[in-house]
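Presented below is the structure to which this report refers.
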Amino acid sequence: MLSEKTIRIVKEITPLVAANAEVITTRFYERMFEVNPEVKVFFNQSHQHTGGQQKALAGAICAYFTHIDNPAVLMPAVELIAQKHCSLGIKAEHYPIVGSNLLAAIKDVMGDAATDEIVEAVAEAYGFLADIFIGREGAIYEEQQAAPGGWSGTRDFVVARKVPENDLVTSFYLKPEDEGPLPPFKPGQYITVHIEHPHTPTSPRNYSLSDRAGEPHYRISVKREERLVADAPDGLISNHLHDAVQEGDRVKLGPPCGEFTVDPNAVAKPVVLLAGGIGVTPLLSMAKSIVHANPDADIYFLQAARNSKVHAFADEVRNLAAAGPNVKTRVLYDAPEPGDVKDGQCDEAGFVTTDLLRQWVPVADADFYFCGPKPFMQSVHACLQELGVDEQRVRYEFFGPKQDLVCPAGHE
């Protein structure tokens, strides 16, 4: 347990740290990549380039300091981060590297305000949290290894099929090269793709499993990512997968990870799945898995896309309604092509709104899962808050660093 002195000091410095959090985390990454370049392989540099990773870490530090006297509040966040760490292969020996560079960054930014007493308190607080992560991640690695067909680290898979889903998204059907069994996964989880890029060494990438659990393959559906900001490169691995990886090629995968999941056999009340853009992938896995395991479950699946050109899995979503007696689907286009609405490519043009959800889903009883681009998720979250949906019934996942769901200017 943390000492009372450490808790007191950390609480006292929290406002100062919060005011300088992004400066500290920016300095932290600069320093760590310079002093310990061996860890750079774990970090997606596009997230570094846009500042997303720095902002995410700043938020995590502020949350930990704020709740230093009640760390149980942070356990859901710990699980999310631990799963991510395991997907990347982070081990106990990496934590001292992070700790030493974080303390050095705090000293660099806070200067004389970072007294020996404060540095000692932050070091103790970091060590306490690191031990929690190391313990949980060790357990995850053991679970992965012990699962039927499970493995630790990477395993060679072969691209059995490569199927374009639309102009931007391609699905890859992956089977173990050794033809051994596949471990089960929880619908909503992701796998990690390790690519040795021919020109630019880079970190592994996480892609949601987009097919139901129990199939003889893993399927990922990858969107060709454009640059996040003007002076950044296009998505390195997504473009490489689209352009260079073909049927019959070998890829290295890490085992399934992630805590944005549903247990198909335990669904006892209506489930509402709200998908925006490529965020459809984990939700489609959830829907197909629930229908397969629990055919009478009440499912409401709403998919929001730009238009028919970039609408992925149109047939699979349409087939959901035919697969279960209590499955309802709805497709919205916010920028329909001429004829999209008239030809029935979508149910209507527009966005997810409070009124739509109030009229279409059992708001008072359902569990809500949503995933998609940040503006979509901000809007959905605001709608659910306006409808009075308890946060205990709301689950969501961001692709990339964890981001703030609060929409500063309201929602449409």
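Just so we're on the same page: first chain in the structure tokens is A, next is B, and so on; residues restart at 1 for each chain, and ligands are numbered from 1 in the order they show up.
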
- Message: Which residues are near Ala335 (chain A)? Cut-off 12 Å, only C-alpha atoms, ignore same chain within fewer than 3 positions. Put them as a PyMOL selection string.
- Response: chain A and resi 304-311+332+338-341+346+348-351

Selection from above, N, CA, C and O atoms, as a PDB file, in the first residue's frame, can you write it?
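Writing done, so here's part_14.pdb:
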```pdb
ATOM      1  N   ALA A 304     -23.798   3.351 -39.295  1.00  0.00           N
ATOM      2  CA  ALA A 304     -23.725   4.670 -39.928  1.00  0.00           C
ATOM      3  C   ALA A 304     -22.516   4.700 -40.862  1.00  0.00           C
ATOM      4  O   ALA A 304     -21.410   4.338 -40.471  1.00  0.00           O
ATOM      5  N   ALA A 305     -22.740   5.116 -42.106  1.00  0.00           N
ATOM      6  CA  ALA A 305     -21.667   5.200 -43.095  1.00  0.00           C
ATOM      7  C   ALA A 305     -21.871   6.457 -43.928  1.00  0.00           C
ATOM      8  O   ALA A 305     -22.928   7.110 -43.849  1.00  0.00           O
ATOM      9  N   ARG A 306     -20.870   6.797 -44.732  1.00  0.00           N
ATOM     10  CA  ARG A 306     -20.993   7.983 -45.577  1.00  0.00           C
ATOM     11  C   ARG A 306     -22.008   7.748 -46.698  1.00  0.00           C
ATOM     12  O   ARG A 306     -22.940   8.516 -46.887  1.00  0.00           O
ATOM     13  N   ASN A 307     -21.803   6.647 -47.444  1.00  0.00           N
ATOM     14  CA  ASN A 307     -22.672   6.350 -48.585  1.00  0.00           C
ATOM     15  C   ASN A 307     -22.373   4.930 -49.067  1.00  0.00           C
ATOM     16  O   ASN A 307     -21.572   4.209 -48.448  1.00  0.00           O
ATOM     17  N   SER A 308     -22.990   4.540 -50.162  1.00  0.00           N
ATOM     18  CA  SER A 308     -22.852   3.162 -50.641  1.00  0.00           C
ATOM     19  C   SER A 308     -21.434   2.831 -51.098  1.00  0.00           C
ATOM     20  O   SER A 308     -21.034   1.661 -51.090  1.00  0.00           O
ATOM     21  N   LYS A 309     -20.645   3.820 -51.508  1.00  0.00           N
ATOM     22  CA  LYS A 309     -19.285   3.554 -51.961  1.00  0.00           C
ATOM     23  C   LYS A 309     -18.386   3.056 -50.834  1.00  0.00           C
ATOM     24  O   LYS A 309     -17.460   2.290 -51.065  1.00  0.00           O
ATOM     25  N   VAL A 310     -18.658   3.529 -49.628  1.00  0.00           N
ATOM     26  CA  VAL A 310     -17.788   3.183 -48.496  1.00  0.00           C
ATOM     27  C   VAL A 310     -18.566   2.445 -47.407  1.00  0.00           C
ATOM     28  O   VAL A 310     -18.185   2.455 -46.248  1.00  0.00           O
ATOM     29  N   HIS A 311     -19.663   1.799 -47.800  1.00  0.00           N
ATOM     30  CA  HIS A 311     -20.470   1.028 -46.848  1.00  0.00           C
ATOM     31  C   HIS A 311     -19.942  -0.411 -46.836  1.00  0.00           C
ATOM     32  O   HIS A 311     -20.156  -1.160 -47.785  1.00  0.00           O
ATOM     33  N   LEU A 332     -27.778   4.106 -41.812  1.00  0.00           N
ATOM     34  CA  LEU A 332     -27.870   5.543 -42.073  1.00  0.00           C
ATOM     35  C   LEU A 332     -26.696   5.979 -42.929  1.00  0.00           C
ATOM     36  O   LEU A 332     -25.557   5.559 -42.691  1.00  0.00           O
ATOM     37  N   PRO A 338     -26.330   9.898 -55.134  1.00  0.00           N
ATOM     38  CA  PRO A 338     -27.634   9.954 -55.796  1.00  0.00           C
ATOM     39  C   PRO A 338     -28.219   8.556 -55.960  1.00  0.00           C
ATOM     40  O   PRO A 338     -27.565   7.653 -56.468  1.00  0.00           O
ATOM     41  N   GLY A 339     -29.430   8.363 -55.509  1.00  0.00           N
ATOM     42  CA  GLY A 339     -30.101   7.080 -55.635  1.00  0.00           C
ATOM     43  C   GLY A 339     -29.925   6.150 -54.451  1.00  0.00           C
ATOM     44  O   GLY A 339     -30.614   5.127 -54.364  1.00  0.00           O
ATOM     45  N   ASP A 340     -29.021   6.476 -53.526  1.00  0.00           N
ATOM     46  CA  ASP A 340     -28.781   5.579 -52.392  1.00  0.00           C
ATOM     47  C   ASP A 340     -30.039   5.320 -51.574  1.00  0.00           C
ATOM     48  O   ASP A 340     -30.332   4.167 -51.213  1.00  0.00           O
ATOM     49  N   VAL A 341     -30.774   6.387 -51.272  1.00  0.00           N
ATOM     50  CA  VAL A 341     -31.974   6.227 -50.442  1.00  0.00           C
ATOM     51  C   VAL A 341     -33.093   5.577 -51.248  1.00  0.00           C
ATOM     52  O   VAL A 341     -33.718   4.603 -50.815  1.00  0.00           O
ATOM     53  N   CYS A 346     -29.656   2.333 -48.146  1.00  0.00           N
ATOM     54  CA  CYS A 346     -29.716   2.661 -46.725  1.00  0.00           C
ATOM     55  C   CYS A 346     -31.183   2.828 -46.346  1.00  0.00           C
ATOM     56  O   CYS A 346     -32.059   2.923 -47.217  1.00  0.00           O
ATOM     57  N   GLU A 348     -32.235   5.394 -44.376  1.00  0.00           N
ATOM     58  CA  GLU A 348     -32.507   6.832 -44.414  1.00  0.00           C
ATOM     59  C   GLU A 348     -31.196   7.598 -44.413  1.00  0.00           C
ATOM     60  O   GLU A 348     -30.139   7.058 -44.087  1.00  0.00           O
ATOM     61  N   ALA A 349     -31.283   8.875 -44.776  1.00  0.00           N
ATOM     62  CA  ALA A 349     -30.130   9.763 -44.713  1.00  0.00           C
ATOM     63  C   ALA A 349     -30.167  10.516 -43.387  1.00  0.00           C
ATOM     64  O   ALA A 349     -31.235  10.861 -42.892  1.00  0.00           O
ATOM     65  N   GLY A 350     -28.984  10.756 -42.835  1.00  0.00           N
ATOM     66  CA  GLY A 350     -28.939  11.515 -41.596  1.00  0.00           C
ATOM     67  C   GLY A 350     -27.932  10.947 -40.608  1.00  0.00           C
ATOM     68  O   GLY A 350     -27.041  10.179 -40.976  1.00  0.00           O
ATOM     69  N   PHE A 351     -28.092  11.363 -39.363  1.00  0.00           N
ATOM     70  CA  PHE A 351     -27.168  11.000 -38.303  1.00  0.00           C
ATOM     71  C   PHE A 351     -27.921  10.299 -37.172  1.00  0.00           C
ATOM     72  O   PHE A 351     -29.146  10.349 -37.098  1.00  0.00           O
TER      73      PHE A 351
END
```

- Task: Would you kindly return, as a list in words, each protein, DNA or RNA residue with an atom no farther than 12 Å from any atom of Glu386 (chain A), considering only C-alpha atoms and excluding same-chain residues fewer than 3 positions away?
- Result: Thr353, Thr354, Asp355, Leu357, Arg358, Val363, Ser379, Val380, His381, Ala382, Cys383, Val389, Asp390, Glu391, Gly410 and His411 of chain A

- With a distance cut-off of 7 Å and only C-alpha atoms, select the neighbouring residues of Val327 (chain A), excluding the residue or stretch itself and same-chain residues fewer than 3 positions from it, and output the selection as a list in words.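 With the cut-off at 7 Å, the set is Asp298, Ile299, Tyr300, Leu320, Ala321 and Gly324 of chain A.
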
Expected file contents, prior selection, N, CA, C and O atoms, as a PDB file, in the first residue's frame:
```pdb
ATOM      1  N   ASP A 298     -32.457 -10.250 -28.226  1.00  0.00           N
ATOM      2  CA  ASP A 298     -32.926  -8.994 -28.840  1.00  0.00           C
ATOM      3  C   ASP A 298     -31.707  -8.142 -29.193  1.00  0.00           C
ATOM      4  O   ASP A 298     -30.976  -7.699 -28.303  1.00  0.00           O
ATOM      5  N   ILE A 299     -31.518  -7.914 -30.488  1.00  0.00           N
ATOM      6  CA  ILE A 299     -30.359  -7.153 -30.961  1.00  0.00           C
ATOM      7  C   ILE A 299     -30.843  -6.014 -31.846  1.00  0.00           C
ATOM      8  O   ILE A 299     -31.669  -6.215 -32.746  1.00  0.00           O
ATOM      9  N   TYR A 300     -30.302  -4.833 -31.592  1.00  0.00           N
ATOM     10  CA  TYR A 300     -30.566  -3.659 -32.427  1.00  0.00           C
ATOM     11  C   TYR A 300     -29.215  -3.213 -32.983  1.00  0.00           C
ATOM     12  O   TYR A 300     -28.340  -2.782 -32.231  1.00  0.00           O
ATOM     13  N   LEU A 320     -28.121 -10.202 -40.940  1.00  0.00           N
ATOM     14  CA  LEU A 320     -28.333 -10.348 -39.502  1.00  0.00           C
ATOM     15  C   LEU A 320     -29.822 -10.420 -39.176  1.00  0.00           C
ATOM     16  O   LEU A 320     -30.256 -11.213 -38.336  1.00  0.00           O
ATOM     17  N   ALA A 321     -30.589  -9.564 -39.832  1.00  0.00           N
ATOM     18  CA  ALA A 321     -32.025  -9.514 -39.550  1.00  0.00           C
ATOM     19  C   ALA A 321     -32.717 -10.815 -39.921  1.00  0.00           C
ATOM     20  O   ALA A 321     -33.734 -11.186 -39.315  1.00  0.00           O
ATOM     21  N   GLY A 324     -31.799 -13.992 -37.025  1.00  0.00           N
ATOM     22  CA  GLY A 324     -32.425 -14.117 -35.712  1.00  0.00           C
ATOM     23  C   GLY A 324     -33.794 -13.464 -35.709  1.00  0.00           C
ATOM     24  O   GLY A 324     -33.973 -12.396 -36.314  1.00  0.00           O
TER      25      GLY A 324
END
```

Name all residues at most 8 Å from Phe260 (chain A) (count only C-alpha atoms; drop same-chain ones fewer than 3 positions away) and give them as a PDB file with N, CA, C and O atoms, in the first residue's frame.
```pdb
ATOM      1  N   GLY A 188     -15.444  -8.806 -30.022  1.00  0.00           N
ATOM      2  CA  GLY A 188     -15.039  -7.444 -29.710  1.00  0.00           C
ATOM      3  C   GLY A 188     -13.541  -7.309 -29.547  1.00  0.00           C
ATOM      4  O   GLY A 188     -13.001  -6.203 -29.603  1.00  0.00           O
ATOM      5  N   GLN A 189     -12.840  -8.432 -29.349  1.00  0.00           N
ATOM      6  CA  GLN A 189     -11.394  -8.371 -29.169  1.00  0.00           C
ATOM      7  C   GLN A 189     -10.668  -8.105 -30.486  1.00  0.00           C
ATOM      8  O   GLN A 189     -11.251  -8.180 -31.571  1.00  0.00           O
ATOM      9  N   ARG A 395     -20.871   0.763 -23.110  1.00  0.00           N
ATOM     10  CA  ARG A 395     -19.506   0.312 -23.386  1.00  0.00           C
ATOM     11  C   ARG A 395     -19.085   0.869 -24.741  1.00  0.00           C
ATOM     12  O   ARG A 395     -19.884   0.912 -25.674  1.00  0.00           O
ATOM     13  N   TYR A 396     -17.818   1.244 -24.854  1.00  0.00           N
ATOM     14  CA  TYR A 396     -17.347   1.781 -26.124  1.00  0.00           C
ATOM     15  C   TYR A 396     -15.859   1.528 -26.266  1.00  0.00           C
ATOM     16  O   TYR A 396     -15.162   1.206 -25.292  1.00  0.00           O
ATOM     17  N   GLU A 397     -15.376   1.660 -27.499  1.00  0.00           N
ATOM     18  CA  GLU A 397     -13.959   1.493 -27.766  1.00  0.00           C
ATOM     19  C   GLU A 397     -13.507   2.502 -28.803  1.00  0.00           C
ATOM     20  O   GLU A 397     -14.171   2.732 -29.812  1.00  0.00           O
TER      21      GLU A 397
END
```

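For the atom pair formed by CA of Cys86 (chain A) and CA of Gly138 (chain A), the distance is 8.7 Å, given to one decimal.
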
- Using only C-alpha atoms, which of A:Cys257, A:Val245, A:Asp315, A:Phe398 sits nearest Ala56 (chain A)? A:Phe398

- Task: Enumerate, as a PyMOL selection string, the complete set of residues in region 95-285 of chain A that a backbone-based DSSP assignment places in strand (DSSP E or B).
- Result: chain A and resi 155-164+169-176+190-194+205-209+218-223+250-257+271-276

DSSP on the backbone: which residues in region 132-336 of chain A end up as alpha helix (DSSP H)? Give the answer as a CSV table (one decimal) with N, CA, C and O atoms, in the first residue's frame.
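To be explicit, this is the file written out as result.csv:
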```csv
chain,number,residue,atom,x,y,z
A,132,ILE,N,0.8,-3.2,-10.1
A,132,ILE,CA,-0.5,-3.6,-10.5
A,132,ILE,C,-0.6,-4.1,-12.0
A,132,ILE,O,-1.1,-5.1,-12.3
A,133,PHE,N,0.0,-3.3,-12.8
A,133,PHE,CA,0.1,-3.6,-14.3
A,133,PHE,C,0.9,-4.9,-14.5
A,133,PHE,O,0.4,-5.8,-15.3
A,134,ILE,N,2.0,-5.0,-13.9
A,134,ILE,CA,2.9,-6.2,-14.1
A,134,ILE,C,2.1,-7.5,-13.7
A,134,ILE,O,2.2,-8.5,-14.3
A,135,GLY,N,1.4,-7.4,-12.5
A,135,GLY,CA,0.6,-8.6,-12.1
A,135,GLY,C,-0.5,-8.9,-13.0
A,135,GLY,O,-0.6,-10.1,-13.4
A,136,ARG,N,-1.3,-8.0,-13.5
A,136,ARG,CA,-2.4,-8.2,-14.4
A,136,ARG,C,-1.9,-8.7,-15.7
A,136,ARG,O,-2.4,-9.7,-16.3
A,137,GLU,N,-0.8,-8.1,-16.2
A,137,GLU,CA,-0.3,-8.5,-17.5
A,137,GLU,C,0.3,-9.9,-17.5
A,137,GLU,O,0.2,-10.7,-18.5
A,138,GLY,N,0.9,-10.3,-16.4
A,138,GLY,CA,1.5,-11.6,-16.2
A,138,GLY,C,0.3,-12.6,-16.3
A,138,GLY,O,0.5,-13.7,-16.9
A,139,ALA,N,-0.8,-12.3,-15.7
A,139,ALA,CA,-1.9,-13.2,-15.7
A,139,ALA,C,-2.5,-13.4,-17.1
A,139,ALA,O,-2.9,-14.5,-17.5
A,140,ILE,N,-2.6,-12.2,-17.8
A,140,ILE,CA,-3.1,-12.3,-19.2
A,140,ILE,C,-2.2,-13.2,-20.1
A,140,ILE,O,-2.7,-14.0,-20.9
A,141,TYR,N,-0.9,-13.0,-20.0
A,141,TYR,CA,0.0,-13.8,-20.8
A,141,TYR,C,-0.2,-15.3,-20.4
A,141,TYR,O,-0.1,-16.2,-21.3
A,142,GLU,N,-0.3,-15.6,-19.2
A,142,GLU,CA,-0.6,-17.0,-18.8
A,142,GLU,C,-1.9,-17.6,-19.4
A,142,GLU,O,-1.9,-18.7,-19.8
A,143,GLU,N,-2.9,-16.7,-19.3
A,143,GLU,CA,-4.2,-17.1,-19.9
A,143,GLU,C,-4.1,-17.4,-21.4
A,143,GLU,O,-4.7,-18.4,-21.9
A,144,GLN,N,-3.4,-16.5,-22.1
A,144,GLN,CA,-3.2,-16.7,-23.5
A,144,GLN,C,-2.5,-18.0,-23.9
A,144,GLN,O,-2.9,-18.7,-24.8
A,145,GLN,N,-1.4,-18.3,-23.1
A,145,GLN,CA,-0.6,-19.5,-23.4
A,145,GLN,C,-1.4,-20.7,-23.0
A,145,GLN,O,-1.3,-21.8,-23.7
A,146,ALA,N,-2.3,-20.7,-22.0
A,146,ALA,CA,-3.0,-21.9,-21.5
A,146,ALA,C,-4.2,-22.2,-22.3
A,146,ALA,O,-4.8,-23.3,-22.2
A,236,LEU,N,0.8,3.6,-42.5
A,236,LEU,CA,1.9,2.8,-43.1
A,236,LEU,C,1.5,1.3,-43.3
A,236,LEU,O,1.6,0.7,-44.3
A,237,ILE,N,1.0,0.7,-42.2
A,237,ILE,CA,0.7,-0.7,-42.2
A,237,ILE,C,-0.6,-1.0,-43.0
A,237,ILE,O,-0.7,-2.0,-43.7
A,238,SER,N,-1.6,-0.1,-42.8
A,238,SER,CA,-2.9,-0.4,-43.5
A,238,SER,C,-2.7,-0.4,-45.0
A,238,SER,O,-3.2,-1.2,-45.8
A,239,ASN,N,-1.9,0.6,-45.5
A,239,ASN,CA,-1.6,0.7,-46.9
A,239,ASN,C,-0.7,-0.5,-47.4
A,239,ASN,O,-0.9,-1.0,-48.5
A,240,HIS,N,0.2,-0.9,-46.6
A,240,HIS,CA,1.0,-2.1,-46.9
A,240,HIS,C,0.2,-3.3,-47.0
A,240,HIS,O,0.4,-4.1,-47.9
A,241,LEU,N,-0.8,-3.5,-46.1
A,241,LEU,CA,-1.6,-4.7,-46.1
A,241,LEU,C,-2.5,-4.7,-47.4
A,241,LEU,O,-2.6,-5.7,-48.1
A,242,HIS,N,-3.0,-3.5,-47.8
A,242,HIS,CA,-3.8,-3.4,-49.0
A,242,HIS,C,-3.0,-3.7,-50.2
A,242,HIS,O,-3.5,-4.4,-51.1
A,243,ASP,N,-1.8,-3.1,-50.3
A,243,ASP,CA,-1.1,-3.1,-51.5
A,243,ASP,C,-0.1,-4.3,-51.7
A,243,ASP,O,0.1,-4.8,-52.8
A,244,ALA,N,0.5,-4.8,-50.6
A,244,ALA,CA,1.6,-5.7,-50.7
A,244,ALA,C,1.2,-7.1,-50.2
A,244,ALA,O,1.9,-8.1,-50.6
A,280,VAL,N,-17.5,-0.6,-37.2
A,280,VAL,CA,-18.4,-1.7,-37.4
A,280,VAL,C,-17.7,-3.0,-37.1
A,280,VAL,O,-18.4,-4.0,-36.7
A,281,THR,N,-16.4,-3.1,-37.2
A,281,THR,CA,-15.7,-4.4,-37.1
A,281,THR,C,-15.9,-5.2,-35.8
A,281,THR,O,-16.4,-6.3,-35.8
A,282,PRO,N,-15.7,-4.6,-34.6
A,282,PRO,CA,-15.9,-5.4,-33.4
A,282,PRO,C,-17.4,-5.6,-33.1
A,282,PRO,O,-17.7,-6.6,-32.6
A,283,LEU,N,-18.2,-4.7,-33.6
A,283,LEU,CA,-19.7,-4.8,-33.3
A,283,LEU,C,-20.3,-5.9,-34.2
A,283,LEU,O,-21.2,-6.6,-33.8
A,284,LEU,N,-19.8,-6.0,-35.4
A,284,LEU,CA,-20.3,-7.1,-36.3
A,284,LEU,C,-19.9,-8.4,-35.7
A,284,LEU,O,-20.7,-9.4,-35.7
A,285,SER,N,-18.7,-8.5,-35.2
A,285,SER,CA,-18.3,-9.8,-34.5
A,285,SER,C,-19.2,-10.1,-33.3
A,285,SER,O,-19.7,-11.2,-33.1
A,286,MET,N,-19.6,-9.1,-32.6
A,286,MET,CA,-20.5,-9.2,-31.4
A,286,MET,C,-21.8,-9.7,-31.9
A,286,MET,O,-22.4,-10.7,-31.4
A,287,ALA,N,-22.4,-9.0,-32.9
A,287,ALA,CA,-23.7,-9.4,-33.4
A,287,ALA,C,-23.8,-10.8,-33.9
A,287,ALA,O,-24.7,-11.6,-33.6
A,288,LYS,N,-22.8,-11.1,-34.8
A,288,LYS,CA,-22.8,-12.5,-35.4
A,288,LYS,C,-22.7,-13.6,-34.3
A,288,LYS,O,-23.3,-14.6,-34.4
A,289,SER,N,-21.8,-13.3,-33.3
A,289,SER,CA,-21.6,-14.2,-32.3
A,289,SER,C,-22.8,-14.4,-31.4
A,289,SER,O,-23.1,-15.6,-31.0
A,290,ILE,N,-23.5,-13.3,-31.1
A,290,ILE,CA,-24.7,-13.4,-30.3
A,290,ILE,C,-25.8,-14.2,-31.0
A,290,ILE,O,-26.4,-15.1,-30.4
A,291,VAL,N,-26.0,-13.9,-32.3
A,291,VAL,CA,-27.0,-14.6,-33.1
A,291,VAL,C,-26.7,-16.1,-33.1
A,291,VAL,O,-27.6,-16.9,-33.0
A,292,HIS,N,-25.4,-16.4,-33.3
A,292,HIS,CA,-25.1,-17.8,-33.4
A,292,HIS,C,-25.3,-18.6,-32.1
A,292,HIS,O,-25.8,-19.7,-32.0
A,293,ALA,N,-24.9,-17.9,-31.0
A,293,ALA,CA,-24.9,-18.6,-29.7
A,293,ALA,C,-26.3,-18.5,-28.9
A,293,ALA,O,-26.6,-19.3,-28.1
A,314,ALA,N,-22.4,-4.5,-46.1
A,314,ALA,CA,-23.9,-4.3,-46.3
A,314,ALA,C,-24.6,-5.6,-46.3
A,314,ALA,O,-25.7,-5.6,-45.6
A,315,ASP,N,-24.2,-6.6,-47.0
A,315,ASP,CA,-24.9,-7.8,-47.1
A,315,ASP,C,-24.9,-8.5,-45.7
A,315,ASP,O,-25.9,-9.1,-45.3
A,316,GLU,N,-23.8,-8.5,-45.0
A,316,GLU,CA,-23.7,-9.2,-43.7
A,316,GLU,C,-24.6,-8.6,-42.7
A,316,GLU,O,-25.3,-9.3,-41.9
A,317,VAL,N,-24.7,-7.3,-42.7
A,317,VAL,CA,-25.6,-6.6,-41.8
A,317,VAL,C,-27.0,-6.9,-42.2
A,317,VAL,O,-27.9,-7.1,-41.3
A,318,ARG,N,-27.3,-6.9,-43.5
A,318,ARG,CA,-28.7,-7.2,-43.9
A,318,ARG,C,-29.1,-8.6,-43.5
A,318,ARG,O,-30.2,-8.9,-43.1
A,319,ASN,N,-28.1,-9.5,-43.6
A,319,ASN,CA,-28.4,-10.9,-43.3
A,319,ASN,C,-28.6,-11.1,-41.8
A,319,ASN,O,-29.2,-12.1,-41.4
A,320,LEU,N,-28.1,-10.2,-40.9
A,320,LEU,CA,-28.3,-10.3,-39.5
A,320,LEU,C,-29.8,-10.4,-39.2
A,320,LEU,O,-30.3,-11.2,-38.3
A,321,ALA,N,-30.6,-9.6,-39.8
A,321,ALA,CA,-32.0,-9.5,-39.6
A,321,ALA,C,-32.7,-10.8,-39.9
A,321,ALA,O,-33.7,-11.2,-39.3
A,322,ALA,N,-32.2,-11.5,-40.9
A,322,ALA,CA,-32.8,-12.8,-41.3
A,322,ALA,C,-32.3,-14.0,-40.4
A,322,ALA,O,-32.9,-15.0,-40.4
A,323,ALA,N,-31.2,-13.7,-39.7
A,323,ALA,CA,-30.6,-14.8,-38.9
A,323,ALA,C,-31.2,-15.0,-37.6
A,323,ALA,O,-31.1,-16.1,-37.0
```

- Message: When you count only C-alpha atoms, which of these residues is closest to Gly279 (chain A): A:Tyr64, A:Trp151, A:Tyr29, A:Phe313?
- Response: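 Ranked by minimum distance to Gly279 (chain A), first place goes to A:Phe313.
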
- Note on the structure: One decimal place gives the CA of Leu88 (chain A)-CA of Tyr369 (chain A) separation as 24.8 Å

- Message: For region 1-12 of chain A, find every residue with an atom within 8 Å (counting only C-alpha atoms), except residues of its own chain fewer than 2 positions away, and show them as a PyMOL selection string.
- Response: chain A and resi 14-15+65-66+68-69+118+121-122+124-125+128

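Rounded to one decimal, CA of Asp116 (chain A) and CA of Leu103 (chain A) lie 11.0 Å from each other.
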